[in-house]
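K.L.:
The following block contains the structure, expressed as structure tokens.
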Amino acid sequence: MSRSTSEMVIQFHETIGDVPPRLIGASAALFGSRLYLFGGSMTIGSEQRVQSDLYVFDLELWKWEKLFPAAGDPVPKARCFHTTDIWKNYLVLFGGVGARDDSTQSDPELLQDLNDVRLLDLSTRRWLPPPPLPTASSSAPAPRPRHAHLSCISSNHLYIFGGRDILGDERDDVWVCDLDKMRWIQKERYPRALDASRACAATSRWHALTPPLSPLRPGATASSISNPLPYSEPATPDSPCDIYLYKVRRALDVLSLLTNGELKISPARTAQPPSLRFPSGAVLGNTVILAGNYSAASGLAIWTLDLTTKTWTHIDTGELLKHGSWTNGHLWHPHNKFFVFGKRNKTLASIVAAAADQLVIEWDDVAVVDMEALGIYQPPAHTLDLPSQRRALAVLANEQRADFAFVCEDGRQIPCVRATVAARWPWLEEQLSRVSGASAGITSGKRTTITVRQTSCTLAVSYPVTHALLQYFYSLALGTALQRAPAVLSHLLLVATEFRIPYLQALALHAMHLALSEATAAGVFEVAASCGCRSLQIR
């Protein structure tokens with residue numbers, strides 16, 4: 001990647017507000033556009049003290065805010081080397097190492113491992129009381145206290161992997177907690193020990209699915225679905241997403257939850273992954289993202305694994321991430337961006353603590369990598385399944401119950417049902433409510449002119465574009481050959497951007513990413529620039 005390109009893909013921001021201090025063993029999790037950071041150990045004088053401070057970082061303002069508990073709130077014990085995850089509307093905290101109950105003022109850092117599960121209600125930002133975790137009636141007791149473990153949440157289950165005890169002995173187990181029932185339900189042996197300095201776990205809340213192609217049959221029309229787009233489907237308790245476990249010894253395992261409740265652990269059938277220290281990972285679409293450091297002098301490296309082709313790719317970031325103390329990566333899923341915290345004028349070597357498995361994390365700057373600009377993103381979700389799409393297109397083609405018409409620039413009309421289109425296009429519904437008489441009309445638009453009357457909508461675009469737009473309003477998809485023609489896609493993106501059709505815009509961007517080639521690059525760049533679609537424009 002050239003320097004100019006990498007500078008467009010990676011942006012740096014200086015954080016403001018109540019910037020947290022340098023911390024060892026803090027943990028953070030992202031909910032919407034806000035990152036919640038809890039705990040960690042900081043230097044006070046010549047001593048390291050564990051903390052129970054809670055911070056929130058606004059990714060839209062690049063601003064930190066320190067949150068103070070309400071009087072009487074059951075704040076968790078101060079700790080470090082714990083984990084945090086997001087479940088529903090809660091921040092889920094597990095384990096770590098904290099001060100013992102018998103610590104004294106003269107010896108405040110008598111430490112103990114923890115194994116509690118605590119929840120922070122993110123709507124009120126208040127800690128819930130410690131939940132009782134029954135053990136006698138459970139199929140598995142509570143896990144032994146630990147720190148430096150891995151964790152992630154898939155559906156309603158919290159998974160805990162490995163870690164260490166207070167003496168430094170490694171754990172080689174997997175624990176599963178049912179968060180709905182707040183009880184531990186399963187324990188499995190893991191083939192090797194895991195700890196957070198040399199491993200990471202990643203999963204997703206979405207399946208990325210590719211429907212089979214449907215070759216056009218003899219007699220097929222422009223309304224036939226021949227090439228449905230890949231799409232996303234939310235994970236459910238009956239269909240959870242796989243968990244990917246990376247180890248610094250260049251191994252990647254896949255953990256699957258079978259329908260009978262058993263865990264299946266198998267090695268990923270890929271080439272060997274890179275060897276990265278202090279790794280962090282995420283799953284975006286059909287891609288695993290892995291970030292970490294080769295050595296203290298190498299800066300941050302980012303690799304991706306395409307789960308379809310099973311190939312690893314190094315993201316060339318030029319010189320931008322070779323300088324600075326970049327660590328602690330997170331995925332801003334709705335925006336297809338991967339970001340890491342650090343300090344631009346530091347080096348990794350300067351923040352590695354005396355113990356080789358401890359990393360001091362700094363929060364002054366954030367580097368944001370636009371993954372969509374690299375062709376890595378979460379496809380839009382399905383609204384209608386394929387059979388429903390086909391039925392909807394048949395209704396449009398047969399002009400059933402038509403009481404409205406879309407008129408293209410050459411005067412040809414396509415009959416349709418006004419209520420169907422207006423319900424799926426709020427802008428049109430708003431214009432129709434303002435039209436006073438049968439002959440009156442409202443004309444709008446800068447790039448594309450649209451005139452709305454009580455019985456028609458006239459668009460200054462060609463018949464194919466008008467037809468493709470109506471196909472979208474009926475099927476809520478872009479699966480026909482007509483809709484996927486490059487020139488038609490470009491016009492659909494322009495119309496969707498100007499007239500506030502966000503789902504059509506997302507589908508058009510998705511289709512243009514998939515169709516991008518040397519032949520279409522110039523046209524895609526021009527349309528993306530006109531519509532303010534920066535990620536597609538960069539690509």
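The chains in the structure tokens are called A, B, ... from first to last as shown; in each chain the residues are counted from 1, and the ligands are counted from 1 in the order shown.
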Compile the contact shell of region 168-175 of chain A as a list of chain:residue names: residues with an atom at most 6 Å away, counting only C-alpha atoms, same-chain residues fewer than 2 positions apart removed.
P.N.:
A:Tyr159, A:Ile160, A:Phe161, A:Gly162, A:Gly163, A:Arg164, A:Asp165, A:Ile166, A:Gln186, A:Lys187, A:Glu188, A:Arg189, A:Tyr190, A:Arg192, A:Ala193
K.L.:
Using the chain letters and numbers from this document, which residues of region 291-536 of chain A does DSSP assign to alpha helix (DSSP H), as number ranges by chain?
P.N.:
A: 386-397, 418-424, 426-434, 463-475, 481-484, 486-498, 502-515, 521-531, 534-536
K.L.:
For the residues in that selection, give me C-alpha atoms as a CSV table (one decimal), in the first residue's frame.
P.N.:
```csv
chain,number,residue,atom,x,y,z
A,386,LEU,CA,-35.4,-15.5,-1.4
A,387,PRO,CA,-38.9,-17.1,-1.8
A,388,SER,CA,-40.5,-13.8,-0.5
A,389,GLN,CA,-38.3,-11.8,-2.9
A,390,ARG,CA,-39.4,-13.9,-5.8
A,391,ARG,CA,-43.1,-13.6,-4.9
A,392,ALA,CA,-42.8,-9.8,-4.5
A,393,LEU,CA,-41.1,-9.5,-7.9
A,394,ALA,CA,-43.9,-11.6,-9.5
A,395,VAL,CA,-46.5,-9.3,-8.0
A,396,LEU,CA,-44.7,-6.3,-9.6
A,397,ALA,CA,-44.4,-8.0,-12.9
A,418,ARG,CA,-48.7,3.1,-3.9
A,419,ALA,CA,-49.0,1.8,-0.3
A,420,THR,CA,-46.2,-0.8,-0.8
A,421,VAL,CA,-43.7,1.8,-2.2
A,422,ALA,CA,-44.6,4.6,0.2
A,423,ALA,CA,-44.3,2.3,3.2
A,424,ARG,CA,-40.7,1.5,2.2
A,426,PRO,CA,-40.5,7.5,3.8
A,427,TRP,CA,-39.4,10.4,1.6
A,428,LEU,CA,-42.1,9.5,-1.0
A,429,GLU,CA,-44.7,9.2,1.7
A,430,GLU,CA,-43.8,12.6,3.0
A,431,GLN,CA,-44.1,14.2,-0.4
A,432,LEU,CA,-47.5,12.5,-1.1
A,433,SER,CA,-48.8,13.9,2.1
A,434,ARG,CA,-48.0,17.4,0.8
A,463,TYR,CA,-36.4,3.0,-17.8
A,464,PRO,CA,-33.9,0.3,-16.6
A,465,VAL,CA,-33.0,2.4,-13.5
A,466,THR,CA,-36.7,3.1,-12.8
A,467,HIS,CA,-37.6,-0.5,-13.1
A,468,ALA,CA,-34.6,-1.6,-11.0
A,469,LEU,CA,-35.7,0.9,-8.3
A,470,LEU,CA,-39.2,-0.5,-8.2
A,471,GLN,CA,-37.8,-4.0,-8.0
A,472,TYR,CA,-35.9,-2.9,-4.9
A,473,PHE,CA,-39.0,-1.4,-3.2
A,474,TYR,CA,-40.9,-4.7,-3.8
A,475,SER,CA,-38.2,-7.2,-3.0
A,481,ALA,CA,-29.4,-9.0,-13.4
A,482,LEU,CA,-31.0,-5.6,-14.2
A,483,GLN,CA,-30.2,-4.3,-10.7
A,484,ARG,CA,-26.6,-5.5,-10.8
A,486,PRO,CA,-22.9,-1.3,-13.2
A,487,ALA,CA,-24.6,1.7,-14.7
A,488,VAL,CA,-27.9,0.9,-13.0
A,489,LEU,CA,-26.1,0.3,-9.7
A,490,SER,CA,-24.5,3.7,-9.9
A,491,HIS,CA,-27.8,5.4,-10.5
A,492,LEU,CA,-29.4,3.5,-7.6
A,493,LEU,CA,-26.7,4.7,-5.3
A,494,LEU,CA,-27.2,8.3,-6.4
A,495,VAL,CA,-31.0,8.1,-5.8
A,496,ALA,CA,-30.6,6.3,-2.5
A,497,THR,CA,-28.2,8.9,-1.2
A,498,GLU,CA,-30.1,12.0,-2.3
A,502,PRO,CA,-30.5,4.0,3.6
A,503,TYR,CA,-31.0,0.3,3.1
A,504,LEU,CA,-30.9,0.7,-0.7
A,505,GLN,CA,-27.7,2.7,-0.2
A,506,ALA,CA,-26.2,-0.1,1.9
A,507,LEU,CA,-27.1,-2.8,-0.7
A,508,ALA,CA,-25.8,-0.7,-3.6
A,509,LEU,CA,-22.5,-0.1,-1.8
A,510,HIS,CA,-22.3,-3.9,-1.1
A,511,ALA,CA,-22.9,-4.8,-4.7
A,512,MET,CA,-20.4,-2.2,-6.0
A,513,HIS,CA,-17.7,-3.6,-3.7
A,514,LEU,CA,-18.3,-7.1,-5.1
A,515,ALA,CA,-18.3,-5.9,-8.7
A,521,ALA,CA,-13.0,1.4,-11.0
A,522,ALA,CA,-13.2,4.8,-12.6
A,523,GLY,CA,-17.0,4.9,-12.7
A,524,VAL,CA,-17.2,3.6,-9.1
A,525,PHE,CA,-14.8,6.2,-7.9
A,526,GLU,CA,-16.8,9.0,-9.4
A,527,VAL,CA,-20.1,7.9,-8.0
A,528,ALA,CA,-18.7,7.1,-4.6
A,529,ALA,CA,-17.1,10.6,-4.5
A,530,SER,CA,-20.5,12.2,-5.5
A,531,CYS,CA,-22.3,10.3,-2.8
A,534,ARG,CA,-15.4,7.5,1.3
A,535,SER,CA,-14.5,3.9,2.0
A,536,LEU,CA,-15.7,2.8,-1.5
```
K.L.:
Taking 2 positions as the minimum chain separation for residues in the same chain, which residues sit within 7 Å of Ile243 (chain A) when counting only C-alpha atoms? Answer as number ranges by chain.
P.N.:
A: 201-203, 241, 245, 254-256
K.L.:
Those selected residues, please, written with C-alpha atoms and delivered as a PDB file, in the first residue's frame.
P.N.:
```pdb
ATOM      1  CA  ALA A 201     -10.431 -15.005  21.298  1.00  0.00           C
ATOM      2  CA  ALA A 202     -12.817 -13.495  18.758  1.00  0.00           C
ATOM      3  CA  THR A 203     -16.363 -14.104  17.603  1.00  0.00           C
ATOM      4  CA  CYS A 241     -21.274 -18.048  15.733  1.00  0.00           C
ATOM      5  CA  LEU A 245      -8.820 -18.818  19.316  1.00  0.00           C
ATOM      6  CA  VAL A 254     -12.206 -22.948  15.970  1.00  0.00           C
ATOM      7  CA  LEU A 255     -14.635 -23.586  18.821  1.00  0.00           C
ATOM      8  CA  SER A 256     -18.149 -24.559  17.747  1.00  0.00           C
TER       9      SER A 256
END
```
K.L.:
Please indicate the distance in Å from CA of Ala268 (chain A) to CA of Ala196 (chain A), rounded to one decimal place.
P.N.:
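Separation between CA of Ala268 (chain A) and CA of Ala196 (chain A): 19.9 Å.
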K.L.:
So which residues touch Thr270 (chain A) within 10 Å, counting only C-alpha atoms, skipping near sequence neighbours fewer than 3 positions away, as a PDB file with C-alpha atoms, in the first residue's frame?
P.N.:
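So the final result, stored in part.pdb, reads:
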```pdb
ATOM      1  CA  ALA A 251      -2.013 -21.770  15.777  1.00  0.00           C
ATOM      2  CA  LEU A 252      -5.677 -20.958  15.235  1.00  0.00           C
ATOM      3  CA  PRO A 267      -7.771 -26.552  14.293  1.00  0.00           C
ATOM      4  CA  PRO A 273      -1.004 -17.529  11.068  1.00  0.00           C
ATOM      5  CA  LEU A 305      -7.915 -14.339   7.482  1.00  0.00           C
ATOM      6  CA  ASP A 306     -10.464 -14.821   4.697  1.00  0.00           C
ATOM      7  CA  LEU A 307     -12.709 -17.588   6.024  1.00  0.00           C
ATOM      8  CA  THR A 309     -10.406 -18.912   0.857  1.00  0.00           C
ATOM      9  CA  LYS A 310      -8.603 -19.769   4.147  1.00  0.00           C
ATOM     10  CA  THR A 311      -5.780 -17.373   3.285  1.00  0.00           C
ATOM     11  CA  TRP A 312      -3.918 -14.939   5.539  1.00  0.00           C
TER      12      TRP A 312
END
```
K.L.:
What gap, in Å, lies between CA of Pro129 (chain A) and CA of Gly72 (chain A)?
P.N.:
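Separation between CA of Pro129 (chain A) and CA of Gly72 (chain A): 10.5 Å.
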K.L.:
Find the nearest atom pair between each residue of region 111-210 of chain A and region 54-70 of chain A for residues within 10 Å, count only C-alpha atoms, give distances in Å to one decimal, sort rows by chain and ascending number, and present the table as a Markdown table.
P.N.:
```
| residue | atom | partner | partner_atom | distance |
| --- | --- | --- | --- | --- |
| A:Arg125 | CA | A:Leu67 | CA | 8.2 |
| A:Arg126 | CA | A:Pro69 | CA | 6.9 |
| A:Trp127 | CA | A:Pro69 | CA | 8.2 |
```
K.L.:
With distances taken over only C-alpha atoms, which of A:Leu374, A:Val19, A:Ala519, A:Leu122 is nearest to Thr287 (chain A)?
P.N.:
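The closest residue to Thr287 (chain A) is A:Leu374.
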K.L.:
Mind giving me the straight-line distance from CA of Val435 (chain A) to CA of Ile450 (chain A) in Å, one decimal?
P.N.:
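Straight-line distance from CA of Val435 (chain A) to CA of Ile450 (chain A) works out to 13.5 Å.
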K.L.:
Taking into account only C-alpha atoms, which residue in the set A:Ser27, A:Thr480, A:Gln11, A:Thr43 is nearest to Gly329 (chain A)?
P.N.:
A:Ser27
K.L.:
Quick one: everything within 10 Å of Val368 (chain A), counting only C-alpha atoms, minus sequence neighbours fewer than 5 positions away in the same chain. Send it as a CSV table (one decimal) with N, CA and C atoms, in the first residue's frame.
P.N.:
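Output (part.csv):
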```csv
chain,number,residue,atom,x,y,z
A,9,VAL,N,-6.5,5.2,4.5
A,9,VAL,CA,-7.1,4.1,5.2
A,9,VAL,C,-7.0,4.2,6.7
A,10,ILE,N,-5.9,4.9,7.2
A,10,ILE,CA,-5.6,5.0,8.6
A,10,ILE,C,-5.7,6.4,9.0
A,11,GLN,N,-6.5,6.7,10.0
A,11,GLN,CA,-6.6,8.1,10.5
A,11,GLN,C,-6.3,8.1,12.0
A,12,PHE,N,-5.6,9.2,12.5
A,12,PHE,CA,-5.2,9.3,13.9
A,12,PHE,C,-6.0,10.4,14.5
A,13,HIS,N,-6.4,10.2,15.8
A,13,HIS,CA,-7.1,11.2,16.5
A,13,HIS,C,-6.5,11.3,17.9
A,329,GLY,N,-6.6,-3.5,20.4
A,329,GLY,CA,-7.5,-3.3,19.3
A,329,GLY,C,-9.0,-3.6,19.5
A,330,HIS,N,-9.8,-2.9,18.9
A,330,HIS,CA,-11.3,-3.1,19.0
A,330,HIS,C,-11.9,-2.9,17.7
A,331,LEU,N,-13.0,-3.5,17.4
A,331,LEU,CA,-13.8,-3.4,16.2
A,331,LEU,C,-15.0,-2.6,16.4
A,332,TRP,N,-15.1,-1.5,15.6
A,332,TRP,CA,-16.3,-0.6,15.6
A,332,TRP,C,-17.2,-1.2,14.5
A,337,LYS,N,-14.8,-0.4,11.1
A,337,LYS,CA,-13.5,0.2,11.5
A,337,LYS,C,-12.9,-0.5,12.6
A,338,PHE,N,-11.6,-0.7,12.5
A,338,PHE,CA,-10.8,-1.3,13.6
A,338,PHE,C,-9.9,-0.3,14.2
A,339,PHE,N,-9.9,-0.1,15.5
A,339,PHE,CA,-9.1,1.0,16.1
A,339,PHE,C,-8.3,0.5,17.2
A,340,VAL,N,-7.1,1.1,17.4
A,340,VAL,CA,-6.2,0.7,18.5
A,340,VAL,C,-5.8,2.0,19.2
A,341,PHE,N,-5.5,1.8,20.5
A,341,PHE,CA,-5.1,2.9,21.4
A,341,PHE,C,-3.6,2.9,21.5
```
K.L.:
What are the DSSP strand (DSSP E or B) residues of region 61-220 of chain A, as a ChimeraX atom specification?
P.N.:
/A:63-67,79-80,83-87,90-99,111-121,126-127,146-147,150-154,157-161,164,170,173-178,183-189,199-202,206-209
K.L.:
From the list A:Ala235, A:Lys88, A:Trp206, A:Asn227, which residue is nearest Leu179 (chain A) when using only C-alpha atoms?
P.N.:
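Among A:Ala235, A:Lys88, A:Trp206, A:Asn227, it is A:Lys88 that comes nearest to Leu179 (chain A).
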K.L.:
Pick out the residues sitting within 9 Å of Val417 (chain A), and hand them over as a PyMOL selection string; count only C-alpha atoms, and ignore anything fewer than 4 positions along from it in its own chain.
P.N.:
chain A and resi 396+399-405+421-422
K.L.:
Restricting the calculation to only C-alpha atoms, which member of A:Thr313, A:Asn328, A:Thr383, A:Thr83 is positioned closest to Glu362 (chain A)?
P.N.:
A:Asn328
K.L.:
Tell me, as a list in words, which residues lie within 8 Å of region 290-304 of chain A, counting only C-alpha atoms; anything in the same chain fewer than 4 positions away does not count.
P.N.:
Pro274, Ser275, Leu276, Arg277, Phe278, Pro279, Ser280, Gly281, Ala282, Trp312, Thr313, His314, Ile315, Asp316, Leu321, Lys322, His323, Gly324, Ser325, Trp326, Thr327, Gly329, Thr347, Leu348, Ala349 and Val352 of chain A
